[in-house]
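Below: the structure, in structure tokens.
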Amino acid sequence: MGAVPLIIVTLFSARNTMEELEDHAQKNGLLKNSIVSQYVTQLCDKNFHVLHSLAINPILVEYLQNPNESNFQEMQNLIFDTNRIFRDKNLTALTGKDAQQIVRTDYAPLVNLSGRQHFHEAMRGRSFISDILISRSTGERVIILEVPVKDNLNKPIGMVQRNFNLNVLQEFIQSYDSDENSVIIIDREGKTIAHSDKENYSGFIKEANGVGRYKYLADKIKKSSFGNFRARVDGKDCIINYSRNWRTNWIIITIQPYAQILEQVYYKIFQSIILGTIIMAVIFILAFLISFKVTRPLVKITDAANKIISGNGKIEKIEIQSDDEFGQMAAAFNKIRSARDAYQLEAELDTLTKLYNKATTENIGKMKLQTFNKTEQNDTFLAMYIIDLDHFKEANDTHGHQFGDKVLMEFAKNLRKKFRPNDCIGRFGGDEFVVIIDNLPDIEIVIRKAKDIKSVAPALLIDGVNPGVTASIGIAIVPNDGKDYDTIFKAADNALYYVKKHGRNGFYYKGADGVG
């Protein structure tokens, strides 16, 4: 009978371990998805940045409006010089408004693109990223990024494009291939763009170009709203984690076989049984020596086990400094507690505005700073904006608290529209908000975002009434103003004080002249 409690604890611990491992698998998959999505976005943004610069070049515009032999060579040199910026094997091409290619940097045959969607998108004046296409000149699988070239009346007169070879993307995600999971990217039609399985990749691609090997997963994703679900893949039960890349709308999927989790659970159960057997043997042999010294650590361990079983998130570390079985059990429970704490992500929102609350905003800000400092991205910035609504108290006192709550909710809703899904937007309480943005290429965009924030408050309408509020904004920039969260927050707060002191309704950061 003495073994019954230990068996019960082992079973409950196994169940809790199963939940923790599932939670870890889901978070690990979403993290991998986020890394791959960021890499895809960076690749696309790099190409779009250069294509947009090329599309407004006067030499290119002049040639498309007045093509002749005298300016053809100048235009061709511009195309080839621009292509060399990338230092890759992808091509850059120029197409006229008649859909006929004029020049391409790989010297392959020029083709007519009248049947391609990306050409028609360009003629509507839109930049566009295609799904998988088979190049009519080379027969290779490519993704095409295009930008329209416009005349001085803003009418499309042609387009520049880059045929994006998928090998670079394939090599990147294959670095994530492991026995535990696979990473897959599929386009909007359900075709496989890249797959981390090195051995079977060609088979995946061949099947994907037909019916779409993972199209059924794409169909399930359309019906799912949780970011993960279970499904059978190649005859195995798997945990599926997915996310969409905001730039391309491609689906990034991480697949982990459920059998991998069960193996870890069985191994932990086996460890628990062995450990329990040893403990029971020691208890029976040394039963006559049981005393307060033995009972007290046992109570601590049992209490910790019960808290874990009940899902209590606030479990203090078990302090038992001994080399006996109780010390080993305490260490095991401490490892379980530490692992759960490490993967537990706080996701509480502000109840009024549905933005991140103060604690979550601070956590996300510190995570973004840690990532930024670790990668040492010298060519990008991270910006923090502290926002305070001017004259909010007057509006609140004049029209009542319900009106004031509507002002905060409407301001939060419109503020969220100004930023990307991965940007951190939070409310610190009252009429104070914080925005944290990373991967900004230059200071001009930092200032432009401040102007966007500033424009939200004066345009508010609550039940047809303009509340008369404006926004004062303090800005701090990483690495210019420091690298840790407290230093950056203090710099932004000082900048906000400067704006308040100099008339409000503006923004300031110490690297700029005056209040904007």
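If you're wondering about the labels, chains in the structure tokens are A, B, ... by order shown, residues count from 1 in each chain, ligands from 1 in order shown.
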TODO: Give me every strand (DSSP E or B) residue in region 234-280 of chain A, going by DSSP on the backbone, as a ChimeraX atom specification.
DONE: /A:236-244,251-257
**Item:** Who sits within 7 Å of Gly426 (chain A), only C-alpha atoms, same chain under 5 positions skipped, as a list in words
**Value:** Leu355, Tyr356, Asn357, Lys358, Thr361, Phe433, Val434 and Val435 of chain A
DSSP helix (DSSP H, G or I) residues within region 20-97 of chain A, as a ChimeraX atom specification
/A:20-55,58-65,69-84
Atom pair CA of Arg126 (chain A) + CA of Ile186 (chain A), distance 22.9 Å
For Ser175 (chain A), work out the shell of residues within 8 Å, counting only C-alpha atoms and skipping chain neighbours fewer than 3 positions away, then give it as a ChimeraX atom specification. /A:171-172,196
Those same residues, written as a CSV table (one decimal), in the first residue's frame with all heavy atoms?
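As written to disk, result-v2.csv reads:
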```csv
chain,number,residue,atom,x,y,z
A,171,GLU,N,17.8,26.3,-48.6
A,171,GLU,CA,19.0,26.0,-47.8
A,171,GLU,C,18.8,26.6,-46.3
A,171,GLU,O,19.2,26.0,-45.4
A,171,GLU,CB,20.2,26.7,-48.4
A,171,GLU,CG,20.6,26.0,-49.7
A,171,GLU,CD,21.7,26.8,-50.4
A,171,GLU,OE1,22.1,27.8,-49.9
A,171,GLU,OE2,22.1,26.3,-51.5
A,172,PHE,N,18.1,27.7,-46.2
A,172,PHE,CA,17.9,28.3,-44.9
A,172,PHE,C,17.0,27.5,-44.0
A,172,PHE,O,17.4,27.2,-42.9
A,172,PHE,CB,17.3,29.7,-45.0
A,172,PHE,CG,17.0,30.4,-43.7
A,172,PHE,CD1,17.9,30.9,-43.0
A,172,PHE,CD2,15.7,30.4,-43.2
A,172,PHE,CE1,17.7,31.5,-41.7
A,172,PHE,CE2,15.4,31.0,-42.0
A,172,PHE,CZ,16.4,31.5,-41.3
A,196,SER,N,12.1,21.4,-45.2
A,196,SER,CA,13.4,21.2,-44.5
A,196,SER,C,13.9,19.7,-44.5
A,196,SER,O,15.0,19.5,-44.1
A,196,SER,CB,13.3,21.6,-43.0
A,196,SER,OG,12.3,20.7,-42.3
```
**Prompt:** Which polymer residues have any atom within 6 Å of an atom of region 482-499 of chain A, counting only C-alpha atoms, with same-chain residues fewer than 5 positions away left out, as a list in words?
**Reply:** Lys366, Ile473, Gly474, Ile475, Ala476, Arg504, Tyr508 and Tyr509 of chain A
Please produce a file of those selected residues containing N, CA and C atoms, as a PDB file, in the first residue's frame.
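Dumped everything to selection30.pdb:
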```
ATOM      1  N   LYS A 366      11.487  43.739 -23.601  1.00  0.00           N
ATOM      2  CA  LYS A 366      12.773  43.165 -23.188  1.00  0.00           C
ATOM      3  C   LYS A 366      13.196  42.022 -24.117  1.00  0.00           C
ATOM      4  N   ILE A 473       4.466  62.777 -27.759  1.00  0.00           N
ATOM      5  CA  ILE A 473       5.173  61.523 -27.997  1.00  0.00           C
ATOM      6  C   ILE A 473       6.654  61.704 -27.694  1.00  0.00           C
ATOM      7  N   GLY A 474       7.187  60.862 -26.809  1.00  0.00           N
ATOM      8  CA  GLY A 474       8.624  60.814 -26.534  1.00  0.00           C
ATOM      9  C   GLY A 474       9.228  59.600 -27.196  1.00  0.00           C
ATOM     10  N   ILE A 475      10.371  59.783 -27.850  1.00  0.00           N
ATOM     11  CA  ILE A 475      10.971  58.713 -28.643  1.00  0.00           C
ATOM     12  C   ILE A 475      12.369  58.397 -28.127  1.00  0.00           C
ATOM     13  N   ALA A 476      12.679  57.107 -28.060  1.00  0.00           N
ATOM     14  CA  ALA A 476      14.052  56.651 -27.785  1.00  0.00           C
ATOM     15  C   ALA A 476      14.409  55.598 -28.820  1.00  0.00           C
ATOM     16  N   ARG A 504       3.186  70.603 -25.979  1.00  0.00           N
ATOM     17  CA  ARG A 504       2.416  69.385 -26.280  1.00  0.00           C
ATOM     18  C   ARG A 504       2.163  69.215 -27.786  1.00  0.00           C
ATOM     19  N   TYR A 508       9.324  64.154 -29.987  1.00  0.00           N
ATOM     20  CA  TYR A 508      10.701  64.598 -29.832  1.00  0.00           C
ATOM     21  C   TYR A 508      11.581  63.410 -29.496  1.00  0.00           C
ATOM     22  N   TYR A 509      12.764  63.456 -30.086  1.00  0.00           N
ATOM     23  CA  TYR A 509      13.802  62.566 -29.612  1.00  0.00           C
ATOM     24  C   TYR A 509      15.111  63.333 -29.677  1.00  0.00           C
TER      25      TYR A 509
END
```
Quick one: everything within 12 Å of Lys222 (chain A), counting only C-alpha atoms, minus sequence neighbours fewer than 4 positions away in the same chain. Send it as a PDB file with C-alpha atoms, in the first residue's frame.
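selection.pdb written:
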```pdb
ATOM      1  CA  ARG A 188      -1.434  30.604 -51.400  1.00  0.00           C
ATOM      2  CA  GLY A 190      -1.073  25.046 -51.403  1.00  0.00           C
ATOM      3  CA  LYS A 215      -2.957  21.483 -49.593  1.00  0.00           C
ATOM      4  CA  TYR A 216      -5.157  19.574 -47.117  1.00  0.00           C
ATOM      5  CA  LEU A 217      -3.200  21.218 -44.302  1.00  0.00           C
ATOM      6  CA  ALA A 218      -3.814  24.616 -45.889  1.00  0.00           C
ATOM      7  CA  PHE A 226      -5.640  28.759 -32.694  1.00  0.00           C
ATOM      8  CA  GLY A 227      -2.272  28.607 -34.495  1.00  0.00           C
ATOM      9  CA  ASN A 228      -1.994  24.836 -33.952  1.00  0.00           C
ATOM     10  CA  PHE A 229      -3.936  21.594 -34.281  1.00  0.00           C
ATOM     11  CA  TYR A 242       1.351  27.417 -38.426  1.00  0.00           C
ATOM     12  CA  SER A 243       1.535  31.128 -39.116  1.00  0.00           C
ATOM     13  CA  ARG A 244       1.145  33.386 -42.128  1.00  0.00           C
ATOM     14  CA  ILE A 251       1.804  29.673 -44.778  1.00  0.00           C
TER      15      ILE A 251
END
```
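Minimum atom-to-atom distance to Asn154 (chain A), evaluated using only C-alpha atoms, belongs to A:Gly125 out of A:Asn66, A:Gly400, A:Gly125, A:Ile477.
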Exercise: Phe72 (chain A) partners within 10 Å, only C-alpha atoms, chain neighbours under 4 positions left out, as a ChimeraX atom specification
/A:59-60,63-64,66-68,76-78,102-103
Met159 (chain A) proximity check over A:Asp350, A:Glu140, A:Glu121, A:Glu410, using only C-alpha atoms: winner is A:Glu121
